[in-house]
Every structure is written in C-alpha cells, then in structure tokens.
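run.cif follows; it contains mmCIF, C-alpha atoms.
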data_run
loop_
_atom_site.label_atom_id
_atom_site.label_comp_id
_atom_site.auth_asym_id
_atom_site.auth_seq_id
_atom_site.Cartn_x
_atom_site.Cartn_y
_atom_site.Cartn_z
CA MET N 1 21.54 -9.52 -16.12
CA LYS N 2 23.03 -6.12 -15.36
CA VAL N 3 22.98 -3.63 -12.49
CA LEU N 4 23.75 0.06 -12.97
CA LEU N 5 25.46 1.75 -10.03
CA ILE N 6 25.25 5.56 -10.04
CA ASN N 7 28.10 7.41 -8.34
CA GLY N 8 26.59 10.73 -7.28
CA SER N 9 29.75 12.09 -5.68
CA PRO N 10 31.73 14.86 -7.38
CA ASN N 11 34.81 12.74 -6.62
CA GLU N 12 34.95 9.86 -9.09
CA HIS N 13 37.27 7.73 -6.97
CA GLY N 14 36.30 8.82 -3.46
CA CYS N 15 34.51 7.17 -0.56
CA THR N 16 31.19 6.69 -2.38
CA ASP N 17 32.98 4.94 -5.23
CA ARG N 18 34.73 2.66 -2.73
CA ALA N 19 31.34 1.58 -1.36
CA LEU N 20 29.86 1.08 -4.82
CA GLY N 21 32.93 -0.84 -5.91
CA GLU N 22 32.41 -3.34 -3.10
CA VAL N 23 28.82 -3.87 -4.25
CA ALA N 24 29.91 -4.15 -7.90
CA ARG N 25 32.60 -6.74 -7.20
CA THR N 26 30.11 -8.83 -5.24
CA LEU N 27 27.59 -8.65 -8.08
CA GLU N 28 30.21 -9.79 -10.57
CA ALA N 29 31.17 -12.68 -8.28
CA GLU N 30 27.48 -13.66 -8.24
CA GLY N 31 27.33 -13.70 -12.03
CA VAL N 32 25.61 -10.33 -12.50
CA SER N 33 27.21 -7.66 -14.68
CA ALA N 34 27.83 -4.34 -12.90
CA GLN N 35 28.57 -0.90 -14.34
CA ILE N 36 29.49 2.15 -12.27
CA PHE N 37 28.30 5.42 -13.84
CA HIS N 38 29.82 8.63 -12.49
CA ILE N 39 27.61 11.69 -12.89
CA GLY N 40 30.68 13.91 -13.03
CA ARG N 41 31.66 17.28 -11.64
CA GLY N 42 29.68 19.42 -14.08
CA PRO N 43 26.45 21.19 -13.20
CA VAL N 44 23.27 19.11 -13.22
CA ARG N 45 20.07 21.02 -13.91
CA GLY N 46 17.15 20.70 -11.55
CA CYS N 47 13.75 19.49 -12.77
CA LEU N 48 11.43 22.26 -13.92
CA GLY N 49 8.31 20.08 -13.91
CA CYS N 50 7.72 21.15 -17.50
CA GLY N 51 6.22 17.81 -18.57
CA GLY N 52 8.29 17.69 -21.73
CA CYS N 53 9.55 14.20 -20.95
CA ALA N 54 6.00 12.88 -20.64
CA ARG N 55 4.83 14.56 -23.83
CA SER N 56 7.73 13.17 -25.86
CA GLY N 57 7.10 9.58 -24.74
CA ALA N 58 10.78 8.88 -25.35
CA HIS N 59 11.95 8.40 -21.75
CA HIS N 60 14.39 11.26 -21.88
CA CYS N 61 14.64 14.73 -20.38
CA VAL N 62 14.30 17.83 -22.54
CA TYR N 63 17.71 18.93 -21.25
CA GLY N 64 20.48 17.04 -23.01
CA ASP N 65 23.54 18.86 -21.72
CA ASP N 66 24.27 16.74 -18.63
CA PRO N 67 24.45 12.96 -17.84
CA VAL N 68 20.77 12.29 -17.10
CA ASN N 69 19.79 11.10 -20.58
CA GLU N 70 22.95 9.02 -20.85
CA ALA N 71 21.96 7.18 -17.68
CA LEU N 72 18.40 6.76 -18.94
CA ALA N 73 19.69 5.18 -22.15
CA LEU N 74 21.71 2.69 -20.09
CA SER N 75 18.69 1.98 -17.89
CA GLU N 76 16.75 0.28 -20.66
CA SER N 77 19.02 -2.77 -20.52
CA CYS N 78 19.47 -2.81 -16.73
CA ASP N 79 17.73 -5.09 -14.24
CA GLY N 80 18.62 -3.26 -11.02
CA PHE N 81 20.03 0.02 -9.72
CA VAL N 82 22.20 1.26 -6.88
CA PHE N 83 22.44 5.00 -6.21
CA GLY N 84 25.36 6.29 -4.17
CA SER N 85 25.82 9.70 -2.56
CA PRO N 86 28.05 11.42 -0.06
CA VAL N 87 26.38 13.18 2.84
CA HIS N 88 26.12 16.95 2.42
CA TYR N 89 24.46 18.73 5.36
CA ALA N 90 22.69 15.53 6.49
CA SER N 91 21.23 14.96 3.02
CA ALA N 92 22.22 13.79 -0.44
CA GLY N 93 24.47 15.97 -2.57
CA GLY N 94 22.87 18.62 -4.74
CA SER N 95 23.99 17.06 -8.03
CA ILE N 96 22.63 13.59 -7.33
CA THR N 97 19.38 15.08 -6.03
CA SER N 98 18.82 17.04 -9.24
CA PHE N 99 19.95 14.02 -11.25
CA MET N 100 17.46 11.67 -9.60
CA ASP N 101 14.60 14.20 -9.75
CA ARG N 102 14.90 14.24 -13.54
CA MET N 103 15.86 10.62 -14.07
CA PHE N 104 12.85 9.37 -12.13
CA ASP N 105 10.47 11.88 -13.69
CA ALA N 106 11.53 11.12 -17.25
CA GLY N 107 12.32 7.42 -16.86
CA SER N 108 9.74 6.01 -14.48
CA ALA N 109 8.59 3.47 -17.08
CA LEU N 110 12.17 2.20 -17.42
CA LEU N 111 12.62 1.86 -13.66
CA ARG N 112 9.31 0.51 -12.37
CA GLY N 113 9.46 -3.02 -10.98
CA LYS N 114 13.27 -3.20 -10.95
CA PRO N 115 15.13 -3.64 -7.63
CA ALA N 116 16.95 -0.61 -6.26
CA ALA N 117 19.18 0.34 -3.36
CA ALA N 118 20.94 3.40 -2.00
CA VAL N 119 24.38 3.58 -0.39
CA VAL N 120 25.86 6.62 1.31
CA SER N 121 29.24 7.70 2.65
CA ALA N 122 30.06 10.17 5.38
CA ARG N 123 32.87 11.15 7.65
CA ARG N 124 30.65 10.84 10.70
CA ALA N 125 26.88 11.47 10.60
CA GLY N 126 23.85 12.35 8.46
CA THR N 127 23.78 8.95 6.82
CA THR N 128 20.36 7.70 7.91
CA SER N 129 18.55 10.88 6.84
CA THR N 130 20.30 10.67 3.47
CA LEU N 131 19.31 7.03 3.03
CA ASP N 132 15.72 7.95 3.86
CA GLN N 133 15.77 10.71 1.24
CA LEU N 134 17.14 8.47 -1.52
CA SER N 135 14.89 5.52 -0.72
CA ARG N 136 11.77 7.63 -1.22
CA TYR N 137 12.50 7.75 -4.95
CA PHE N 138 12.27 3.96 -5.15
CA ILE N 139 8.96 3.74 -3.31
CA ILE N 140 7.19 6.26 -5.51
CA ALA N 141 8.63 4.62 -8.64
CA GLY N 142 7.39 1.13 -7.70
CA MET N 143 10.91 -0.27 -7.26
CA PRO N 144 11.46 -3.02 -4.65
CA VAL N 145 14.13 -1.92 -2.17
CA VAL N 146 17.01 -4.37 -1.75
CA PRO N 147 17.81 -5.26 1.88
CA SER N 148 21.13 -5.84 3.56
CA THR N 149 22.23 -6.62 7.13
CA TYR N 150 22.47 -3.00 8.33
CA TRP N 151 21.96 0.47 6.91
CA PRO N 152 24.06 0.60 3.70
CA MET N 153 26.60 3.25 4.71
CA VAL N 154 30.35 3.58 5.00
CA HIS N 155 32.40 6.00 7.09
CA GLY N 156 35.65 7.78 6.38
CA SER N 157 37.11 10.93 4.88
CA THR N 158 39.14 9.02 2.26
CA PRO N 159 38.82 5.66 0.50
CA GLN N 160 41.72 4.48 2.65
CA GLU N 161 39.74 5.29 5.79
CA VAL N 162 36.71 3.48 4.37
CA GLU N 163 38.89 0.38 4.16
CA GLN N 164 38.94 0.40 7.96
CA ASP N 165 35.13 0.32 8.13
CA GLU N 166 34.95 -3.46 8.00
CA GLU N 167 31.29 -3.57 8.96
CA GLY N 168 30.33 -1.01 6.34
CA LEU N 169 32.10 -2.93 3.57
CA GLN N 170 30.53 -6.18 4.76
CA VAL N 171 27.11 -4.52 4.53
CA MET N 172 27.95 -3.54 0.93
CA ARG N 173 28.82 -7.14 0.08
CA ASN N 174 25.60 -8.39 1.64
CA LEU N 175 23.72 -5.75 -0.33
CA GLY N 176 25.37 -6.99 -3.52
CA ARG N 177 24.31 -10.56 -2.76
CA GLY N 178 20.77 -9.38 -2.03
CA MET N 179 20.64 -7.48 -5.31
CA ALA N 180 22.00 -10.46 -7.25
CA TYR N 181 19.37 -12.71 -5.69
CA MET N 182 16.54 -10.31 -6.50
CA VAL N 183 17.46 -9.69 -10.15
CA LYS N 184 17.86 -13.46 -10.68
CA ALA N 185 14.56 -14.19 -8.95
CA PHE N 186 12.75 -11.52 -10.97
CA ALA N 187 14.24 -12.88 -14.21
CA LEU N 188 13.06 -16.38 -13.28
CA ALA N 189 9.59 -15.01 -12.57
CA ARG N 190 9.46 -13.23 -15.93
CA ASP N 191 10.60 -16.38 -17.74
CA ASN N 192 7.66 -18.19 -16.17
CA GLY N 193 5.12 -15.54 -17.10
CA LEU N 194 4.94 -13.78 -13.73
CA LEU N 195 5.22 -10.05 -14.40
CA PRO N 196 5.15 -7.06 -12.03
CA PRO N 197 1.64 -5.73 -11.39
CA GLU N 198 0.54 -2.83 -13.54
CA PRO N 199 -0.66 0.25 -11.65
CA GLU N 200 -4.30 1.21 -11.96
CA THR N 201 -5.20 3.62 -14.74
CA PRO N 202 -6.17 6.35 -15.06
CA ARG N 203 -4.03 7.63 -12.22
CA LYS N 204 -5.96 9.49 -9.56
CA ARG N 205 -4.60 12.92 -8.64
CA THR N 206 -6.31 14.24 -5.54
CA ASN N 207 -5.54 17.37 -3.62
CA PHE N 208 -7.46 19.10 -0.86
CA ILE N 209 -7.90 22.58 -2.27
CA ARG N 210 -11.45 23.45 -3.29
#
Written as structure tokens, how would this file's structure read?
Amino acid sequence: MKVLLINGSPNEHGCTDRALGEVARTLEAEGVSAQIFHIGRGPVRGCLGCGGCARSGAHHCVYGDDPVNEALALSESCDGFVFGSPVHYASAGGSITSFMDRMFDAGSALLRGKPAAAVVSARRAGTTSTLDQLSRYFIIAGMPVVPSTYWPMVHGSTPQEVEQDEEGLQVMRNLGRGMAYMVKAFALARDNGLLPPEPETPRKRTNFIR
C-alpha cells in the first residue's frame, strides 16, 4: 500500500513540506509506504478544457512539459493521496491549483474511490478557506475524505516555527493514522470482493439555459 503526498509549495523544504513529512512518517510507522512529490518552482499550465485527455483515454494531459503527467503516472500504483499547499491570499497557491485542475480532469479514473486529504500551512490565517477549496476536488472525484482531530493545518513562517505548533503536528499524525486505516480497510474490502460503487452511466449533464 502506498500514499502519494503532493507538495504544492514552491519551497521544497518549507512549512508545507514539514506538515507533509509528519503525515508521511506516521504512514510509514503504520506500515504504509509514503512518497512526497514536489511540483517544483517551474510554471504549471492551467487547464484549457480542451478534452484531449478524455479523447486519448490514456489518463494523461496533452501538456507534457510540467509535473502533472509524472504525478499521474505515479497515481496508478497509489492507494491514497494527500495534497499540501501554502496559503496565498486566503486560497491555495496558483501552481497547485493549476496542477490539481489538470490532474483531476485527466486522471479522474485513477483517483476515484481512493482516500484523499488536504493539508495547508500559513503564517496566520486563510487556512480554512484553502482547505475548503482543496477538498472540493475530492468530492467531485468520488474520493473519500480522510478525517483527523481538527482542521489539518500548521502555522509558522518557517519549518522551525512549525515545530512549535504542537497541535498542528499532532493533527498531521492523526491524519496519517486515519489515512493508514482507510487504505488498509479499503484493501481488505477489495480482497473480499467489495468494490467502490460505479457511477451511473451515461452521465447526465444538465444546465438551465434554454
């Protein structure tokens, strides 16, 4: 069993990474493999809604010059996901937003039914609105959201300051235990023939413009 943790901060070893690292170490202690994937500092293209990913049927984006397809390739062998972002203007960073727009559009079949969680870091505020933004991806993709004992956020301007947020780090550890439990429980269900429900087809697409 493996969980992929996406670091959506431009800083590879900053506050977001410190939060994800706490989750990853807890997962490993629970017998679940954890990999942290940093999206990097380079530009990440936004989704054009071109439909090329759907037409190809290959679970990859038509743009191959940034980390989205690399993450999608890793996703095939993963049982759970944690997405981490710093708070930028009371919302997720621009790079991780573009990244998730395309990852979820192109890779919905790889993600559906797998547990997911979001963690965020901030100096002071904007965390709950950012968590709300990120969690909406999981709901539309049919991914069960992993619980913890409080909102999964840490506070501080540096990783050293995050170390002082004892409650925040405890919440990360509890999130890691919750994720480990869910991926193990889902694996046990699959081994016994209990699979996630398939959505109805064909998909209805209703708008209100006549």
From (-1.4, 2.2, -13.5), in the file's coordinates, out to 12 Å: which residues are reached, counting only C-alpha atoms? Answer as a PDB file with C-alpha atoms, in the coordinates of the input.
ATOM      1  CA  SER N 108       9.740   6.010 -14.480  1.00  0.00           C
ATOM      2  CA  ALA N 109       8.590   3.470 -17.080  1.00  0.00           C
ATOM      3  CA  ARG N 112       9.310   0.510 -12.370  1.00  0.00           C
ATOM      4  CA  ALA N 141       8.630   4.620  -8.640  1.00  0.00           C
ATOM      5  CA  GLY N 142       7.390   1.130  -7.700  1.00  0.00           C
ATOM      6  CA  PRO N 196       5.150  -7.060 -12.030  1.00  0.00           C
ATOM      7  CA  PRO N 197       1.640  -5.730 -11.390  1.00  0.00           C
ATOM      8  CA  GLU N 198       0.540  -2.830 -13.540  1.00  0.00           C
ATOM      9  CA  PRO N 199      -0.660   0.250 -11.650  1.00  0.00           C
ATOM     10  CA  GLU N 200      -4.300   1.210 -11.960  1.00  0.00           C
ATOM     11  CA  THR N 201      -5.200   3.620 -14.740  1.00  0.00           C
ATOM     12  CA  PRO N 202      -6.170   6.350 -15.060  1.00  0.00           C
ATOM     13  CA  ARG N 203      -4.030   7.630 -12.220  1.00  0.00           C
ATOM     14  CA  LYS N 204      -5.960   9.490  -9.560  1.00  0.00           C
TER      15      LYS N 204
END
(message) I need the residue nearest Ile36 (chain N) from this list: N:Trp151, N:Tyr181, N:Phe138, N:Phe81. Use all atoms listed in the file for the distance.
(response) N:Phe81
(message) Measuring between only C-alpha atoms, which one of N:Val23, N:Leu188, N:Leu111, N:Ala117 shows the shortest distance to Gln170 (chain N)?
(response)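 Comparing N:Val23, N:Leu188, N:Leu111, N:Ala117 against Gln170 (chain N), the winner is N:Val23.
Distance-wise, CA of Gly193 (chain N) and CA of Glu28 (chain N) end up 26.6 Å apart.
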(message) Nearest residue to Pro86 (chain N) out of N:Ala180, N:Val120, N:Ala29, N:Val162, using all atoms listed in the file?
(response)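 Residue with the minimum atom-to-atom distance to Pro86 (chain N): N:Val120.
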(request) Given the file shown, enumerate the residues that the PyMOL selection byres ((chain N and resi 79) around 10) captures and present them as a VMD selection string. (result) chain N and resid 1 to 4 32 to 33 75 to 78 80 to 81 110 to 111 113 to 116 179 to 180 182 to 184 186 to 187
For the interface of region 85-138 of chain N with region 53-72 of chain N (cut-off 10 Å, counting only C-alpha atoms), please tabulate each contacting residue of region 85-138 of chain N alongside its nearest pair of atoms and their separation in Å to one decimal, rows sorted by chain and increasing number, as CSV.
residue,atom,partner,partner_atom,distance
N:Ser98,CA,N:Val68,CA,9.4
N:Phe99,CA,N:Val68,CA,6.2
N:Met100,CA,N:Val68,CA,8.2
N:Asp101,CA,N:Val68,CA,9.8
N:Arg102,CA,N:Cys61,CA,6.9
N:Met103,CA,N:Val68,CA,6.0
N:Phe104,CA,N:Leu72,CA,9.2
N:Asp105,CA,N:Cys53,CA,7.7
N:Ala106,CA,N:Cys53,CA,5.2
N:Gly107,CA,N:His59,CA,5.0
N:Ser108,CA,N:His59,CA,8.0
N:Ala109,CA,N:His59,CA,7.6
N:Leu110,CA,N:His59,CA,7.6
N:Leu111,CA,N:Leu72,CA,9.2
(message) Calculated over all atoms listed in the file, which of the candidates N:Thr26, N:Ser157, N:Ser148, N:Thr130 has the smallest distance to Ile96 (chain N)?
(response)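 Closest to Ile96 (chain N) of all the choices is N:Thr130.
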(request) Work out how far apart CA of Thr128 (chain N) and CA of Gly156 (chain N) are and give it in Å to one decimal. (result) 15.4 Å
(request) Report the distance between CA of Pro43 (chain N) and CA of Ser9 (chain N) in Å, rounded to one decimal place. (result)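 Taking CA of Pro43 (chain N) as the start and CA of Ser9 (chain N) as the end point, the length is 12.3 Å.
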Restore N, CA and C atoms in region 97-115 of chain N and list the result as a tab-separated table (two decimals), in the frame of the given file.
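For reference, part-v6.tsv as written:
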chain	number	residue	atom	x	y	z
N	97	THR	N	20.79	14.79	-6.26
N	97	THR	CA	19.38	15.08	-6.03
N	97	THR	C	18.72	15.59	-7.31
N	98	SER	N	19.35	16.55	-7.97
N	98	SER	CA	18.82	17.04	-9.24
N	98	SER	C	18.79	15.94	-10.29
N	99	PHE	N	19.85	15.14	-10.31
N	99	PHE	CA	19.95	14.02	-11.25
N	99	PHE	C	18.79	13.05	-11.07
N	100	MET	N	18.52	12.65	-9.84
N	100	MET	CA	17.46	11.67	-9.60
N	100	MET	C	16.08	12.27	-9.81
N	101	ASP	N	15.90	13.55	-9.48
N	101	ASP	CA	14.60	14.20	-9.75
N	101	ASP	C	14.24	14.03	-11.22
N	102	ARG	N	15.18	14.29	-12.10
N	102	ARG	CA	14.90	14.24	-13.54
N	102	ARG	C	14.91	12.83	-14.09
N	103	MET	N	15.82	12.00	-13.59
N	103	MET	CA	15.86	10.62	-14.07
N	103	MET	C	14.57	9.89	-13.74
N	104	PHE	N	14.06	10.08	-12.53
N	104	PHE	CA	12.85	9.37	-12.13
N	104	PHE	C	11.61	9.97	-12.77
N	105	ASP	N	11.61	11.27	-13.03
N	105	ASP	CA	10.47	11.88	-13.69
N	105	ASP	C	10.39	11.43	-15.14
N	106	ALA	N	11.53	11.46	-15.82
N	106	ALA	CA	11.53	11.12	-17.25
N	106	ALA	C	11.52	9.62	-17.49
N	107	GLY	N	12.11	8.83	-16.59
N	107	GLY	CA	12.32	7.42	-16.86
N	107	GLY	C	11.55	6.45	-16.00
N	108	SER	N	10.45	6.89	-15.41
N	108	SER	CA	9.74	6.01	-14.48
N	108	SER	C	9.34	4.69	-15.13
N	109	ALA	N	8.99	4.70	-16.41
N	109	ALA	CA	8.59	3.47	-17.08
N	109	ALA	C	9.76	2.51	-17.25
N	110	LEU	N	10.98	3.04	-17.30
N	110	LEU	CA	12.17	2.20	-17.42
N	110	LEU	C	12.59	1.61	-16.08
N	111	LEU	N	12.16	2.23	-14.99
N	111	LEU	CA	12.62	1.86	-13.66
N	111	LEU	C	11.63	1.00	-12.90
N	112	ARG	N	10.35	1.17	-13.16
N	112	ARG	CA	9.31	0.51	-12.37
N	112	ARG	C	9.50	-1.00	-12.35
N	113	GLY	N	9.39	-1.57	-11.15
N	113	GLY	CA	9.46	-3.02	-10.98
N	113	GLY	C	10.87	-3.57	-10.85
N	114	LYS	N	11.89	-2.72	-11.03
N	114	LYS	CA	13.27	-3.20	-10.95
N	114	LYS	C	13.83	-2.91	-9.55
N	115	PRO	N	14.59	-3.84	-8.98
N	115	PRO	CA	15.13	-3.64	-7.63
N	115	PRO	C	16.09	-2.45	-7.58
